[in-house]
Amino acid sequence: MRICSIIILFFIIIKLEAQKTSNYKELKLGSSVHVETKDGNDFIGTLQLEDSISVRIKTEKLGEISIQKMDINLIEATNSVTLHNGVYWYENTNAGRYLFAPSAYNLRKGEGYYQNIWVFMNQVSYGFTNHFTCGLGVVPFFLFSSEGIEFSPIWVTPKYMFGKGNRKFNFSTGVIVFFIPFGGIESTETAGILYGLGTYGNRNNNLSIGLGWGFASSNEESLWGRRPTINISGMYRLGKSSYFVTENWFTAFGDGDYISSLNVISGAYRYSGKNASIDLGLFRPIMKYNDRFTLPWLGVTIPFGKRDKH
């Protein structure tokens with residue numbers, strides 16, 4: 001019941017915070033703007049007039065047009081990052097993560113997304129402020145059998161970003177905590193990783209390096225990893241709706257002559273549209289004493305929520 005209450009509260013807060021956000025920022029007359037209407041149309045033009053009822057913009061092909069604010073879903077200023085040869089590129093809605101690992105960028109206040117990996121892994125993340133993002137995930141084995149609830153893991157992913165996220169180098173810290181709330185005596189045990197990471201670049205093209213320390217705890221004791229886990233990930237925008245994403249993990253464990261390593265390298269193509277994105281890729285676990293093999297990666301992300309545009 002405690003876990004169910006936390007989940008319900010999580011979604012209530014998301015709904016309340018989303019209602020507080022606004023689609024409008026004060027825009028300057030004569031500036032280049034992008035207007036998205038509720039029926040899904042996009043217009044690029046120069047802002048001629050804005051009042052409490054409507055906006056009027058001058059477009060290259062349609063001339064001057066007036067749009068009622070009640071019909072506008074979003075209006076924002078454009079810049080060299082979002083406008084390419086007169087074609088509007090939507091801002092990267094997945095800047096805060098690679099395939100699973102985070103970047104230093106956060107979701108902005110009011111933004112959120114639902115992520116599904118191979119059907120089984122489900123996570124909802126939300127930007128409660130411009131600095132604080134938190135996610136809640138679950139593998140719902142209870143959907144397949146009544147006993148599955150005892151083996152259904154849940155994880156939380158709070159992350160805090162320092163600064164406004166508008167510099168070339170940004171830094172975040174966070175934790176990923178896994179637990180099995182309905183697994184009997186094992187439900188008192190938790191495990192996870194505490195990390196800090198830096199990201200160099202912008203929201204479209206960047207490289208991240210992170211260090212994390214694993215931990216596990218129970219009623220009897222708490223353990224910390226003696227060696228950090230290293231994460232090196234990157235993202236490169238190929239076009240209006242396409243990205244190349246790589247995520248790589250390097251870890252070692254053991255003592256003395258019994259040190260083993262588990263490394264994972266990956267690469268994926270991401271198609272990112274206005275309402276959803278799809279990751280298709282391959283990842284390879286590499287261990288010292290096993291044959292190498294490659295596994296496919298499939299992920300779907302659906303953004304939601306609204307925020308103030310800057």
# chains A, B, ... in the order shown; residues from 1 in each chain; ligands from 1
call {"tool": "residues_around", "arguments": {"residues": "Glu220 in chain A", "least_positions_apart": "2", "cutoff": "10 Å", "atoms": "only C-alpha atoms", "output": "ChimeraX atom specification"}}
result
/A:188-189,217-218,222
call {"tool": "write_last_selection", "arguments": {"atoms": "C-alpha atoms", "output": "short mmCIF file (atom, residue, chain, number, x, y, z; two decimals), in the first residue's frame"}}
result
data_model
loop_
_atom_site.label_atom_id
_atom_site.label_comp_id
_atom_site.auth_asym_id
_atom_site.auth_seq_id
_atom_site.Cartn_x
_atom_site.Cartn_y
_atom_site.Cartn_z
CA THR A 188 13.93 -4.93 2.90
CA GLU A 189 16.97 -4.98 0.60
CA SER A 217 21.80 -2.47 1.88
CA SER A 218 19.60 -4.65 4.07
CA SER A 222 25.30 -1.83 3.97
#
call {"tool": "residues_around", "arguments": {"residues": "His34 in chain A", "least_positions_apart": "3", "cutoff": "6 Å", "atoms": "only C-alpha atoms", "output": "MDAnalysis selection string"}}
result
chainID A and resid 43:44 75:76
call {"tool": "write_last_selection", "arguments": {"atoms": "all heavy atoms", "output": "tab-separated table (two decimals), in the first residue's frame"}}
result
chain	number	residue	atom	x	y	z
A	43	PHE	N	4.07	26.88	-38.21
A	43	PHE	CA	4.30	28.08	-39.00
A	43	PHE	C	5.57	28.77	-38.49
A	43	PHE	O	5.78	28.90	-37.29
A	43	PHE	CB	3.12	29.06	-38.88
A	43	PHE	CG	1.81	28.49	-39.36
A	43	PHE	CD1	0.92	27.92	-38.46
A	43	PHE	CD2	1.47	28.51	-40.71
A	43	PHE	CE1	-0.29	27.39	-38.89
A	43	PHE	CE2	0.26	27.99	-41.14
A	43	PHE	CZ	-0.62	27.42	-40.24
A	44	ILE	N	6.42	29.19	-39.44
A	44	ILE	CA	7.62	29.94	-39.13
A	44	ILE	C	7.47	31.32	-39.74
A	44	ILE	O	7.12	31.46	-40.92
A	44	ILE	CB	8.88	29.26	-39.71
A	44	ILE	CG1	9.03	27.84	-39.18
A	44	ILE	CG2	10.12	30.09	-39.40
A	44	ILE	CD1	9.33	27.77	-37.71
A	75	ILE	N	4.04	28.59	-28.85
A	75	ILE	CA	4.71	29.65	-29.59
A	75	ILE	C	6.06	29.90	-28.94
A	75	ILE	O	6.16	29.99	-27.72
A	75	ILE	CB	3.86	30.94	-29.65
A	75	ILE	CG1	4.60	32.02	-30.45
A	75	ILE	CG2	3.48	31.42	-28.26
A	75	ILE	CD1	3.74	33.24	-30.75
A	76	GLU	N	7.12	29.98	-29.75
A	76	GLU	CA	8.47	30.11	-29.22
A	76	GLU	C	9.35	30.84	-30.22
A	76	GLU	O	9.09	30.85	-31.42
A	76	GLU	CB	9.07	28.74	-28.93
A	76	GLU	CG	9.21	27.89	-30.17
A	76	GLU	CD	9.84	26.53	-29.91
A	76	GLU	OE1	10.51	26.40	-28.87
A	76	GLU	OE2	9.66	25.63	-30.73
call {"tool": "residues_around", "arguments": {"residues": "Val138 in chain A", "least_positions_apart": "6", "cutoff": "9 Å", "atoms": "only C-alpha atoms", "output": "list in words"}}
result
Phe120, Met121, Asn122, Gln123, Ser152, Pro153, Ile154 and Trp155 of chain A
call {"tool": "residues_around", "arguments": {"residues": "range 268-283 of chain A", "least_positions_apart": "5", "cutoff": "8 Å", "atoms": "only C-alpha atoms", "output": "tab-separated table (two decimals) with C-alpha atoms, in the first residue's frame"}}
result
chain	number	residue	atom	x	y	z
A	90	TYR	CA	12.06	20.34	-33.01
A	92	ASN	CA	15.61	17.27	-28.74
A	99	LEU	CA	19.52	4.62	-24.09
A	241	SER	CA	14.52	13.67	-36.78
A	242	SER	CA	17.52	11.34	-36.53
A	243	TYR	CA	20.34	10.82	-34.04
A	244	PHE	CA	23.22	8.47	-33.39
A	245	VAL	CA	23.44	7.41	-29.73
A	246	THR	CA	26.11	5.40	-27.95
A	294	THR	CA	25.65	-8.98	-29.41
A	295	LEU	CA	22.04	-8.30	-28.42
A	296	PRO	CA	19.45	-6.02	-30.01
A	297	TRP	CA	18.08	-2.90	-28.32
A	298	LEU	CA	14.55	-1.58	-28.79
A	299	GLY	CA	13.21	1.42	-26.92
A	300	VAL	CA	10.22	3.75	-27.34
A	301	THR	CA	9.83	7.13	-25.65
A	302	ILE	CA	6.69	9.26	-25.57
A	303	PRO	CA	7.09	12.84	-24.28
call {"tool": "atom_distance", "arguments": {"atom1": "CA of Ser103 in chain A", "atom2": "CA of Val124 in chain A"}}
result
16.4 Å
call {"tool": "residues_around", "arguments": {"residues": "Lys69 in chain A", "least_positions_apart": "2", "cutoff": "9 Å", "atoms": "only C-alpha atoms", "output": "ChimeraX atom specification"}}
result
/A:37,51-55,67,71-73
call {"tool": "write_last_selection", "arguments": {"atoms": "all heavy atoms", "output": "PDB file, in the first residue's frame"}}
result
ATOM      1  N   THR A  37       0.046  24.956 -33.914  1.00  0.00           N
ATOM      2  CA  THR A  37      -1.377  25.021 -33.592  1.00  0.00           C
ATOM      3  C   THR A  37      -1.870  23.682 -33.064  1.00  0.00           C
ATOM      4  O   THR A  37      -1.204  22.649 -33.220  1.00  0.00           O
ATOM      5  CB  THR A  37      -2.194  25.418 -34.830  1.00  0.00           C
ATOM      6  OG1 THR A  37      -1.961  24.458 -35.882  1.00  0.00           O
ATOM      7  CG2 THR A  37      -1.791  26.801 -35.319  1.00  0.00           C
ATOM      8  N   ASP A  51      -1.342  40.136 -28.981  1.00  0.00           N
ATOM      9  CA  ASP A  51      -2.187  40.683 -27.931  1.00  0.00           C
ATOM     10  C   ASP A  51      -2.818  39.533 -27.161  1.00  0.00           C
ATOM     11  O   ASP A  51      -2.406  38.376 -27.312  1.00  0.00           O
ATOM     12  CB  ASP A  51      -3.247  41.633 -28.501  1.00  0.00           C
ATOM     13  CG  ASP A  51      -4.111  40.986 -29.586  1.00  0.00           C
ATOM     14  OD1 ASP A  51      -4.350  39.750 -29.480  1.00  0.00           O
ATOM     15  OD2 ASP A  51      -4.533  41.676 -30.523  1.00  0.00           O
ATOM     16  N   SER A  52      -3.799  39.814 -26.350  1.00  0.00           N
ATOM     17  CA  SER A  52      -4.395  38.784 -25.498  1.00  0.00           C
ATOM     18  C   SER A  52      -5.256  37.804 -26.278  1.00  0.00           C
ATOM     19  O   SER A  52      -5.613  36.745 -25.759  1.00  0.00           O
ATOM     20  CB  SER A  52      -5.237  39.440 -24.394  1.00  0.00           C
ATOM     21  OG  SER A  52      -6.284  40.213 -24.971  1.00  0.00           O
ATOM     22  N   ILE A  53      -5.574  38.129 -27.523  1.00  0.00           N
ATOM     23  CA  ILE A  53      -6.489  37.300 -28.308  1.00  0.00           C
ATOM     24  C   ILE A  53      -5.769  36.521 -29.398  1.00  0.00           C
ATOM     25  O   ILE A  53      -6.056  35.348 -29.634  1.00  0.00           O
ATOM     26  CB  ILE A  53      -7.616  38.152 -28.921  1.00  0.00           C
ATOM     27  CG1 ILE A  53      -8.428  38.825 -27.817  1.00  0.00           C
ATOM     28  CG2 ILE A  53      -8.526  37.302 -29.808  1.00  0.00           C
ATOM     29  CD1 ILE A  53      -9.473  39.771 -28.326  1.00  0.00           C
ATOM     30  N   SER A  54      -4.817  37.147 -30.083  1.00  0.00           N
ATOM     31  CA  SER A  54      -4.216  36.517 -31.253  1.00  0.00           C
ATOM     32  C   SER A  54      -2.779  36.965 -31.440  1.00  0.00           C
ATOM     33  O   SER A  54      -2.295  37.888 -30.770  1.00  0.00           O
ATOM     34  CB  SER A  54      -5.024  36.853 -32.513  1.00  0.00           C
ATOM     35  OG  SER A  54      -4.957  38.251 -32.786  1.00  0.00           O
ATOM     36  N   VAL A  55      -2.098  36.285 -32.368  1.00  0.00           N
ATOM     37  CA  VAL A  55      -0.777  36.708 -32.829  1.00  0.00           C
ATOM     38  C   VAL A  55      -0.822  36.804 -34.349  1.00  0.00           C
ATOM     39  O   VAL A  55      -1.564  36.069 -35.013  1.00  0.00           O
ATOM     40  CB  VAL A  55       0.330  35.719 -32.391  1.00  0.00           C
ATOM     41  CG1 VAL A  55       0.447  35.645 -30.881  1.00  0.00           C
ATOM     42  CG2 VAL A  55       0.085  34.331 -32.969  1.00  0.00           C
ATOM     43  N   ILE A  67      -3.437  34.197 -36.037  1.00  0.00           N
ATOM     44  CA  ILE A  67      -3.825  32.931 -35.412  1.00  0.00           C
ATOM     45  C   ILE A  67      -4.379  33.237 -34.021  1.00  0.00           C
ATOM     46  O   ILE A  67      -3.748  33.961 -33.239  1.00  0.00           O
ATOM     47  CB  ILE A  67      -2.631  31.969 -35.291  1.00  0.00           C
ATOM     48  CG1 ILE A  67      -1.958  31.781 -36.652  1.00  0.00           C
ATOM     49  CG2 ILE A  67      -3.079  30.627 -34.727  1.00  0.00           C
ATOM     50  CD1 ILE A  67      -0.669  30.979 -36.586  1.00  0.00           C
ATOM     51  N   ASP A  71      -6.263  28.707 -30.368  1.00  0.00           N
ATOM     52  CA  ASP A  71      -5.925  27.623 -31.294  1.00  0.00           C
ATOM     53  C   ASP A  71      -4.448  27.277 -31.279  1.00  0.00           C
ATOM     54  O   ASP A  71      -4.013  26.398 -32.024  1.00  0.00           O
ATOM     55  CB  ASP A  71      -6.329  28.015 -32.730  1.00  0.00           C
ATOM     56  CG  ASP A  71      -7.827  28.213 -32.880  1.00  0.00           C
ATOM     57  OD1 ASP A  71      -8.580  27.475 -32.218  1.00  0.00           O
ATOM     58  OD2 ASP A  71      -8.231  29.107 -33.641  1.00  0.00           O
ATOM     59  N   ILE A  72      -3.662  27.976 -30.454  1.00  0.00           N
ATOM     60  CA  ILE A  72      -2.211  27.768 -30.428  1.00  0.00           C
ATOM     61  C   ILE A  72      -1.840  26.800 -29.316  1.00  0.00           C
ATOM     62  O   ILE A  72      -2.249  26.954 -28.166  1.00  0.00           O
ATOM     63  CB  ILE A  72      -1.479  29.110 -30.230  1.00  0.00           C
ATOM     64  CG1 ILE A  72      -1.698  30.007 -31.452  1.00  0.00           C
ATOM     65  CG2 ILE A  72       0.014  28.881 -30.018  1.00  0.00           C
ATOM     66  CD1 ILE A  72      -1.078  31.391 -31.298  1.00  0.00           C
ATOM     67  N   ASN A  73      -1.054  25.815 -29.687  1.00  0.00           N
ATOM     68  CA  ASN A  73      -0.524  24.864 -28.708  1.00  0.00           C
ATOM     69  C   ASN A  73       0.807  25.347 -28.150  1.00  0.00           C
ATOM     70  O   ASN A  73       1.116  25.130 -26.978  1.00  0.00           O
ATOM     71  CB  ASN A  73      -0.357  23.487 -29.348  1.00  0.00           C
ATOM     72  CG  ASN A  73       0.047  22.424 -28.356  1.00  0.00           C
ATOM     73  OD1 ASN A  73      -0.548  22.298 -27.298  1.00  0.00           O
ATOM     74  ND2 ASN A  73       1.079  21.663 -28.690  1.00  0.00           N
TER      75      ASN A  73
END
call {"tool": "closest_atom_pairs", "arguments": {"of": "range 211-284 of chain A", "to": "range 165-182 of chain A", "cutoff": "10 Å", "atoms": "only C-alpha atoms", "output": "CSV"}}
result
residue,atom,partner,partner_atom,distance
A:Leu211,CA,A:Thr173,CA,9.8
A:Gly212,CA,A:Val175,CA,8.7
A:Trp213,CA,A:Val175,CA,9.5
A:Gly214,CA,A:Ile176,CA,9.4
A:Phe215,CA,A:Val177,CA,9.1
A:Ala216,CA,A:Val177,CA,9.3
call {"tool": "select_by_dssp", "arguments": {"residues": "range 74-300 of chain A", "states": "strand (DSSP E)", "output": "PyMOL selection string"}}
result
chain A and resi 74-77+83-84+87-88+112-117+121-127+132-138+154-156+159-162+169-179+190-201+206-217+222-224+229-237+242-253+260-272+277-287+295-300
call {"tool": "residues_around", "arguments": {"residues": "Gly96 in chain A", "least_positions_apart": "4", "cutoff": "9 Å", "atoms": "only C-alpha atoms", "output": "MDAnalysis selection string"}}
result
chainID A and resid 101:107 203
call {"tool": "atom_distance", "arguments": {"atom1": "CA of Ile57 in chain A", "atom2": "CA of Thr82 in chain A"}}
result
17.8 Å
call {"tool": "atom_distance", "arguments": {"atom1": "CA of Ser32 in chain A", "atom2": "CA of Gln68 in chain A"}}
result
18.1 Å
call {"tool": "closest_residue", "arguments": {"among": "A:Gln48, A:Thr129, A:Met70, A:Leu62", "to": "Glu36 in chain A", "atoms": "only C-alpha atoms"}}
result
A:Met70
call {"tool": "closest_residue", "arguments": {"among": "A:Tyr114, A:Val35, A:Phe100, A:Ser208", "to": "Lys58 in chain A", "atoms": "only C-alpha atoms"}}
result
A:Val35
call {"tool": "closest_residue", "arguments": {"among": "A:Gly40, A:Gly210, A:Gly45, A:Gly127", "to": "Phe304 in chain A", "atoms": "only C-alpha atoms"}}
result
A:Gly127
